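Inspection log for the structure reproduced underneath, given as structure tokens.
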Amino acid sequence: MNRKIAIVAGVAALALGATAACGSGSGSSSGDGAKKGNYKLTFVQGVAGDAFYISMQCGIQAEAAKLGATVTTQGAQKFDPTLQTPVLQSVIASKPDAILIAPTDVSAMQQPIAQAKQQGIKIVLVDTTLTDPSVAVSAISSDNAGGGKAAFDAIKQLAPNGGKVLGVGVQPGISTTDARDKGFGDAAKADSKFTYLGVQYSQNDPAKAASIVSAALQKDPDIVGIFASNLFSAEGAATGIRQAGKQDKVKVVGFDAGPDQIKALQDGTVQALIAQQPATIGTDGVQQAIKALKGEQTTASIKTGFSIITKDNLSSAEGQAAAYKASC
């Protein structure tokens with residue numbers, strides 16, 4: 001790649017929500033740990049085995065150990081509310097003092113999470129959110145709309161003459177990827193040098209993403225850039241581009257920076273990655289949970305920043321720090 005994109009380090013480093021929620025000391029949590037100060041926390045991942053959630057788990061475990069709490073981690077094998085709900089129900093039955101959870105759907109997970117709150121368990125939303133996040137003492141996530149805008153900025157650097165750009169999303173109803181798609185689309189529509197072709201959804205299936213991109217390139221062979229809002233969308237987009245023989249003409253910007261994404265960057269499958277700060281989300285999540293359990297004031301909304309990683313800056317200290325972990 002012959003154009004360097006500067007790292008945007010800590011672009012939105014902890015923008016705190018103006019409204020604070022109070023953790024109530026009178027609303028006792030269900031676990032015995034709360035009475036002793038030995039708090040028992042559970043982290044419910046969006047999906048098990050994903051480097052983003054592993055990195056978040058590392059942050060959660062480190063901060064919990066520092067604050068004298070214990071943590072267990074559970075997650076379904078797919079990012080799916082029908083699979084996450086029974087996992088959450090099992091967690092509720094174990095009576096933790098607080099649950100840190102990444103909801104897999106803004107609507108479908110609303111009631112199951114509300115049931116946890118009804119049991120006196122403190123809720124912290126991490127990464128994703130709900131239609132009504134007031135069920136939680138705090139909601140912590142990346143500035144996903146800002147990340148989508150950064151993805152467009154990366155494409156502008158890669159294709160400075162402008163042209164047609166396409167979004168390949170996951171599925172409607174996921175708060176994070178919806179915000180990324182909107183951030184990218186709004187930025188693209190605001191730039192007269194570019195034509196935004198909209199977003200199409202891969203349903204987390206690389207084969208479907210490849211089909212979407214193949215069809216899009218047949219209809220619009222002059223597409224210059226694609227924003228893929230998660231790993232599987234990026235993998236499929238790269239396949240579709242290869243099938244069309246346009247590897248050197250269509251630039252792909254992906255989201256997240258796990259080992260698979262970093263390899264795709266090194267291999268040239270994608271030209272830039274938007275990296276979140278999952279460990280920071282986890283650290284903040286534990287801090288807010290403990291504050292709520294102690295009856296201290298909590299922050300209703302916290303936004304964390306992101307970085308842009310390219311092949312040019314991957315080996316730098318900032319690039320290495322932004323890459324996600326495969327294990328703690």
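Chain labels follow the order of the structure tokens: the first chain is A, the next B, and so on; residue numbering restarts at 1 in every chain, and ligands are counted from 1 in their shown order.
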
Within 12 Å of segment 113-123 of chain A, which residues of segment 64-101 of chain A show up? Give each one with its shortest atom-to-atom distance in Å (one decimal) and the two atoms involved, counting only C-alpha atoms, rows by chain then rising residue number, as JSON lines.
{"residue": "A:Pro81", "atom": "CA", "partner": "A:Ile113", "partner_atom": "CA", "distance": 11.2}
{"residue": "A:Gln84", "atom": "CA", "partner": "A:Ile113", "partner_atom": "CA", "distance": 10.6}
{"residue": "A:Thr85", "atom": "CA", "partner": "A:Ile113", "partner_atom": "CA", "distance": 8.6}
{"residue": "A:Pro86", "atom": "CA", "partner": "A:Ile113", "partner_atom": "CA", "distance": 11.3}
{"residue": "A:Val87", "atom": "CA", "partner": "A:Ile113", "partner_atom": "CA", "distance": 11.3}
{"residue": "A:Leu88", "atom": "CA", "partner": "A:Ile113", "partner_atom": "CA", "distance": 7.8}
{"residue": "A:Gln89", "atom": "CA", "partner": "A:Ala116", "partner_atom": "CA", "distance": 8.1}
{"residue": "A:Ser90", "atom": "CA", "partner": "A:Ala116", "partner_atom": "CA", "distance": 10.6}
{"residue": "A:Val91", "atom": "CA", "partner": "A:Ala116", "partner_atom": "CA", "distance": 8.9}
{"residue": "A:Ile92", "atom": "CA", "partner": "A:Ala116", "partner_atom": "CA", "distance": 6.0}
{"residue": "A:Ala93", "atom": "CA", "partner": "A:Ala116", "partner_atom": "CA", "distance": 9.2}
{"residue": "A:Ser94", "atom": "CA", "partner": "A:Ile121", "partner_atom": "CA", "distance": 10.8}
{"residue": "A:Lys95", "atom": "CA", "partner": "A:Ile121", "partner_atom": "CA", "distance": 7.6}
{"residue": "A:Pro96", "atom": "CA", "partner": "A:Ile121", "partner_atom": "CA", "distance": 6.8}
{"residue": "A:Asp97", "atom": "CA", "partner": "A:Ile121", "partner_atom": "CA", "distance": 5.4}
{"residue": "A:Ala98", "atom": "CA", "partner": "A:Lys122", "partner_atom": "CA", "distance": 4.4}
{"residue": "A:Ile99", "atom": "CA", "partner": "A:Ile123", "partner_atom": "CA", "distance": 5.1}
{"residue": "A:Leu100", "atom": "CA", "partner": "A:Ile123", "partner_atom": "CA", "distance": 6.1}
{"residue": "A:Ile101", "atom": "CA", "partner": "A:Ile123", "partner_atom": "CA", "distance": 7.5}

Where does segment 150-234 of chain A meet segment 271-294 of chain A within 12 Å, residue by residue, with the nearest atom pair and distance in Å to one decimal for each, counting only C-alpha atoms, listed by chain and rising number, as a Markdown table?
| residue | atom | partner | partner_atom | distance |
| --- | --- | --- | --- | --- |
| A:Ala150 | CA | A:Ile274 | CA | 7.4 |
| A:Ala151 | CA | A:Ile274 | CA | 6.7 |
| A:Phe152 | CA | A:Ile274 | CA | 10.4 |
| A:Asp153 | CA | A:Ala272 | CA | 10.5 |
| A:Ala154 | CA | A:Ala272 | CA | 6.9 |
| A:Ile155 | CA | A:Ala272 | CA | 8.4 |
| A:Lys156 | CA | A:Ala272 | CA | 11.5 |
| A:Gln157 | CA | A:Ala272 | CA | 10.3 |
| A:Leu158 | CA | A:Gln271 | CA | 8.2 |
| A:Ala159 | CA | A:Gln271 | CA | 11.2 |
| A:Thr176 | CA | A:Gln276 | CA | 11.3 |
| A:Arg180 | CA | A:Ile274 | CA | 10.4 |
| A:Phe184 | CA | A:Ile274 | CA | 11.9 |
| A:Gly225 | CA | A:Gln271 | CA | 10.1 |
| A:Ile226 | CA | A:Gln271 | CA | 10.4 |
| A:Phe227 | CA | A:Ala272 | CA | 9.8 |
| A:Ala228 | CA | A:Leu273 | CA | 9.7 |
| A:Ser229 | CA | A:Ile274 | CA | 9.2 |
| A:Asn230 | CA | A:Ile274 | CA | 9.9 |
| A:Leu231 | CA | A:Leu273 | CA | 10.1 |
| A:Ala234 | CA | A:Leu273 | CA | 10.1 |

Need the shell around segment 206-219 of chain A: protein/DNA/RNA residues with any atom at most 10 Å away, counting only C-alpha atoms. Skip same-chain ones fewer than 2 positions apart. Format as number ranges by chain? A: 166-170, 197, 200-204, 221-224, 226, 228, 231-244, 246, 250

With N, CA and C atoms retained, write the just-selected residues as an mmCIF file, in the first residue's frame.
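Output (part-v1.cif):
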data_model
loop_
_atom_site.group_PDB
_atom_site.id
_atom_site.type_symbol
_atom_site.label_atom_id
_atom_site.label_comp_id
_atom_site.auth_asym_id
_atom_site.auth_seq_id
_atom_site.Cartn_x
_atom_site.Cartn_y
_atom_site.Cartn_z
ATOM 1 N N LEU A 166 -19.422 1.207 -1.106
ATOM 2 C CA LEU A 166 -20.486 0.313 -0.649
ATOM 3 C C LEU A 166 -20.238 -0.086 0.792
ATOM 4 N N GLY A 167 -21.309 -0.251 1.561
ATOM 5 C CA GLY A 167 -21.206 -0.797 2.905
ATOM 6 C C GLY A 167 -21.691 -2.232 2.924
ATOM 7 N N VAL A 168 -20.948 -3.105 3.583
ATOM 8 C CA VAL A 168 -21.394 -4.486 3.799
ATOM 9 C C VAL A 168 -21.526 -4.671 5.312
ATOM 10 N N GLY A 169 -22.765 -4.696 5.778
ATOM 11 C CA GLY A 169 -23.036 -4.794 7.203
ATOM 12 C C GLY A 169 -23.327 -6.211 7.648
ATOM 13 N N VAL A 170 -23.777 -6.343 8.896
ATOM 14 C CA VAL A 170 -24.050 -7.655 9.479
ATOM 15 C C VAL A 170 -25.536 -7.962 9.382
ATOM 16 N N LEU A 197 -23.464 3.816 -2.235
ATOM 17 C CA LEU A 197 -24.386 2.828 -2.789
ATOM 18 C C LEU A 197 -25.230 2.133 -1.729
ATOM 19 N N GLN A 200 -25.613 -3.268 2.456
ATOM 20 C CA GLN A 200 -26.286 -4.554 2.310
ATOM 21 C C GLN A 200 -25.798 -5.468 3.420
ATOM 22 N N TYR A 201 -26.644 -6.427 3.833
ATOM 23 C CA TYR A 201 -26.364 -7.196 5.033
ATOM 24 C C TYR A 201 -25.987 -8.645 4.721
ATOM 25 N N SER A 202 -24.891 -9.077 5.352
ATOM 26 C CA SER A 202 -24.358 -10.419 5.088
ATOM 27 C C SER A 202 -24.889 -11.465 6.064
ATOM 28 N N GLN A 203 -25.602 -11.051 7.110
ATOM 29 C CA GLN A 203 -26.099 -11.970 8.149
ATOM 30 C C GLN A 203 -24.955 -12.776 8.760
ATOM 31 N N ASN A 204 -23.797 -12.150 8.869
ATOM 32 C CA ASN A 204 -22.614 -12.773 9.475
ATOM 33 C C ASN A 204 -22.094 -13.976 8.692
ATOM 34 N N PRO A 221 -19.115 -1.767 -11.746
ATOM 35 C CA PRO A 221 -17.721 -2.219 -11.797
ATOM 36 C C PRO A 221 -16.710 -1.160 -11.390
ATOM 37 N N ASP A 222 -17.157 0.082 -11.246
ATOM 38 C CA ASP A 222 -16.243 1.160 -10.874
ATOM 39 C C ASP A 222 -16.259 1.480 -9.379
ATOM 40 N N ILE A 223 -16.757 0.560 -8.544
ATOM 41 C CA ILE A 223 -16.671 0.745 -7.090
ATOM 42 C C ILE A 223 -15.200 0.858 -6.693
ATOM 43 N N VAL A 224 -14.898 1.830 -5.828
ATOM 44 C CA VAL A 224 -13.502 2.030 -5.417
ATOM 45 C C VAL A 224 -13.242 1.593 -3.976
ATOM 46 N N ILE A 226 -14.975 -0.404 -0.188
ATOM 47 C CA ILE A 226 -16.003 -1.133 0.553
ATOM 48 C C ILE A 226 -15.680 -1.045 2.043
ATOM 49 N N ALA A 228 -16.527 -2.877 5.398
ATOM 50 C CA ALA A 228 -17.096 -4.097 5.967
ATOM 51 C C ALA A 228 -17.097 -3.955 7.488
ATOM 52 N N LEU A 231 -15.682 -8.824 10.861
ATOM 53 C CA LEU A 231 -14.700 -9.725 10.247
ATOM 54 C C LEU A 231 -15.281 -10.522 9.086
ATOM 55 N N PHE A 232 -16.443 -11.142 9.302
ATOM 56 C CA PHE A 232 -16.997 -12.018 8.276
ATOM 57 C C PHE A 232 -17.407 -11.232 7.028
ATOM 58 N N SER A 233 -17.877 -10.025 7.234
ATOM 59 C CA SER A 233 -18.205 -9.177 6.090
ATOM 60 C C SER A 233 -16.948 -8.841 5.298
ATOM 61 N N ALA A 234 -15.850 -8.572 6.014
ATOM 62 C CA ALA A 234 -14.585 -8.254 5.338
ATOM 63 C C ALA A 234 -14.037 -9.453 4.585
ATOM 64 N N GLU A 235 -14.112 -10.629 5.217
ATOM 65 C CA GLU A 235 -13.635 -11.847 4.545
ATOM 66 C C GLU A 235 -14.409 -12.079 3.245
ATOM 67 N N GLY A 236 -15.734 -11.985 3.332
ATOM 68 C CA GLY A 236 -16.563 -12.209 2.157
ATOM 69 C C GLY A 236 -16.354 -11.156 1.092
ATOM 70 N N ALA A 237 -16.187 -9.880 1.528
ATOM 71 C CA ALA A 237 -15.954 -8.805 0.570
ATOM 72 C C ALA A 237 -14.670 -9.060 -0.207
ATOM 73 N N ALA A 238 -13.625 -9.500 0.494
ATOM 74 C CA ALA A 238 -12.355 -9.784 -0.171
ATOM 75 C C ALA A 238 -12.504 -10.918 -1.184
ATOM 76 N N THR A 239 -13.295 -11.937 -0.827
ATOM 77 C CA THR A 239 -13.541 -13.052 -1.751
ATOM 78 C C THR A 239 -14.256 -12.563 -2.995
ATOM 79 N N GLY A 240 -15.288 -11.744 -2.796
ATOM 80 C CA GLY A 240 -16.025 -11.208 -3.947
ATOM 81 C C GLY A 240 -15.150 -10.362 -4.852
ATOM 82 N N ILE A 241 -14.253 -9.601 -4.253
ATOM 83 C CA ILE A 241 -13.330 -8.762 -5.039
ATOM 84 C C ILE A 241 -12.368 -9.642 -5.840
ATOM 85 N N ARG A 242 -11.856 -10.697 -5.200
ATOM 86 C CA ARG A 242 -10.955 -11.609 -5.914
ATOM 87 C C ARG A 242 -11.664 -12.294 -7.074
ATOM 88 N N GLN A 243 -12.889 -12.711 -6.830
ATOM 89 C CA GLN A 243 -13.658 -13.382 -7.887
ATOM 90 C C GLN A 243 -13.890 -12.465 -9.084
ATOM 91 N N ALA A 244 -13.966 -11.170 -8.811
ATOM 92 C CA ALA A 244 -14.174 -10.194 -9.890
ATOM 93 C C ALA A 244 -12.849 -9.736 -10.505
ATOM 94 N N LYS A 246 -10.547 -7.793 -9.107
ATOM 95 C CA LYS A 246 -10.361 -6.355 -8.863
ATOM 96 C C LYS A 246 -9.579 -6.078 -7.588
ATOM 97 N N VAL A 250 -10.234 -2.170 -5.828
ATOM 98 C CA VAL A 250 -11.250 -1.941 -4.797
ATOM 99 C C VAL A 250 -10.598 -2.082 -3.423
#

Residues of segment 54-165 of chain A that approach segment 309-325 of chain A to 10 Å or less, counting only C-alpha atoms: could you list each one with the shortest pair of atoms and its distance in Å to one decimal, rows by chain and increasing residue number, as a Markdown table?
| residue | atom | partner | partner_atom | distance |
| --- | --- | --- | --- | --- |
| A:Ile54 | CA | A:Lys325 | CA | 6.6 |
| A:Ser55 | CA | A:Lys325 | CA | 5.2 |
| A:Met56 | CA | A:Lys325 | CA | 9.0 |
| A:Gln57 | CA | A:Lys325 | CA | 9.9 |
| A:Cys58 | CA | A:Lys325 | CA | 8.4 |
| A:Ala154 | CA | A:Thr310 | CA | 9.4 |

What are the DSSP helix (DSSP H, G or I) residues of segment 187-310 of chain A, as number ranges by chain? A: 187-189, 206-219, 231-243, 259-267, 278-293

Give me, as a VMD selection string, all polymer residues having an atom no more than 8 Å from segment 77-80 of chain A, counting only C-alpha atoms and skipping those fewer than 4 positions away in the same chain. chain A and resid 46 to 49 84 104 to 105

From the list A:Tyr39, A:Met109, A:Ala139, A:Gly59, which residue is nearest Ala300 of chain A when using only C-alpha atoms? A:Ala139

Test item, strand (DSSP E) assignment across segment 40-149 of chain A, answer as a PyMOL selection string: chain A and resi 40-44+70-74+98-101+122-126+138-142

Take the selection from the previous step and output its residues with C-alpha atoms, as a PDB file, in the first residue's frame.
ATOM      1  CA  LYS A  40     -19.032 -11.745  42.347  1.00  0.00           C
ATOM      2  CA  LEU A  41     -19.241 -10.545  38.736  1.00  0.00           C
ATOM      3  CA  THR A  42     -20.197 -12.379  35.552  1.00  0.00           C
ATOM      4  CA  PHE A  43     -19.260 -11.281  32.055  1.00  0.00           C
ATOM      5  CA  VAL A  44     -21.656 -12.458  29.330  1.00  0.00           C
ATOM      6  CA  THR A  70     -14.111 -12.398  41.216  1.00  0.00           C
ATOM      7  CA  VAL A  71     -15.235 -12.873  37.617  1.00  0.00           C
ATOM      8  CA  THR A  72     -16.689 -15.715  35.607  1.00  0.00           C
ATOM      9  CA  THR A  73     -17.153 -15.457  31.841  1.00  0.00           C
ATOM     10  CA  GLN A  74     -19.800 -17.110  29.698  1.00  0.00           C
ATOM     11  CA  ALA A  98     -23.403  -7.787  38.884  1.00  0.00           C
ATOM     12  CA  ILE A  99     -23.540  -8.814  35.239  1.00  0.00           C
ATOM     13  CA  LEU A 100     -21.523  -7.165  32.495  1.00  0.00           C
ATOM     14  CA  ILE A 101     -23.237  -8.091  29.230  1.00  0.00           C
ATOM     15  CA  LYS A 122     -26.591  -4.726  38.885  1.00  0.00           C
ATOM     16  CA  ILE A 123     -26.347  -4.544  35.075  1.00  0.00           C
ATOM     17  CA  VAL A 124     -23.574  -2.951  33.033  1.00  0.00           C
ATOM     18  CA  LEU A 125     -23.916  -2.932  29.236  1.00  0.00           C
ATOM     19  CA  VAL A 126     -20.571  -3.346  27.460  1.00  0.00           C
ATOM     20  CA  SER A 138     -23.917   2.173  32.957  1.00  0.00           C
ATOM     21  CA  ALA A 139     -23.558   1.560  29.212  1.00  0.00           C
ATOM     22  CA  ILE A 140     -20.008   1.541  27.843  1.00  0.00           C
ATOM     23  CA  SER A 141     -19.128   1.299  24.174  1.00  0.00           C
ATOM     24  CA  SER A 142     -16.872   2.543  21.431  1.00  0.00           C
TER      25      SER A 142
END

Kindly give the distance, in Å, that separates atom CA of Gly162 of chain A and atom CA of Phe255 of chain A, rounded to a single decimal.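 About the pair atom CA of Gly162 of chain A and atom CA of Phe255 of chain A: they are 21.1 Å apart.
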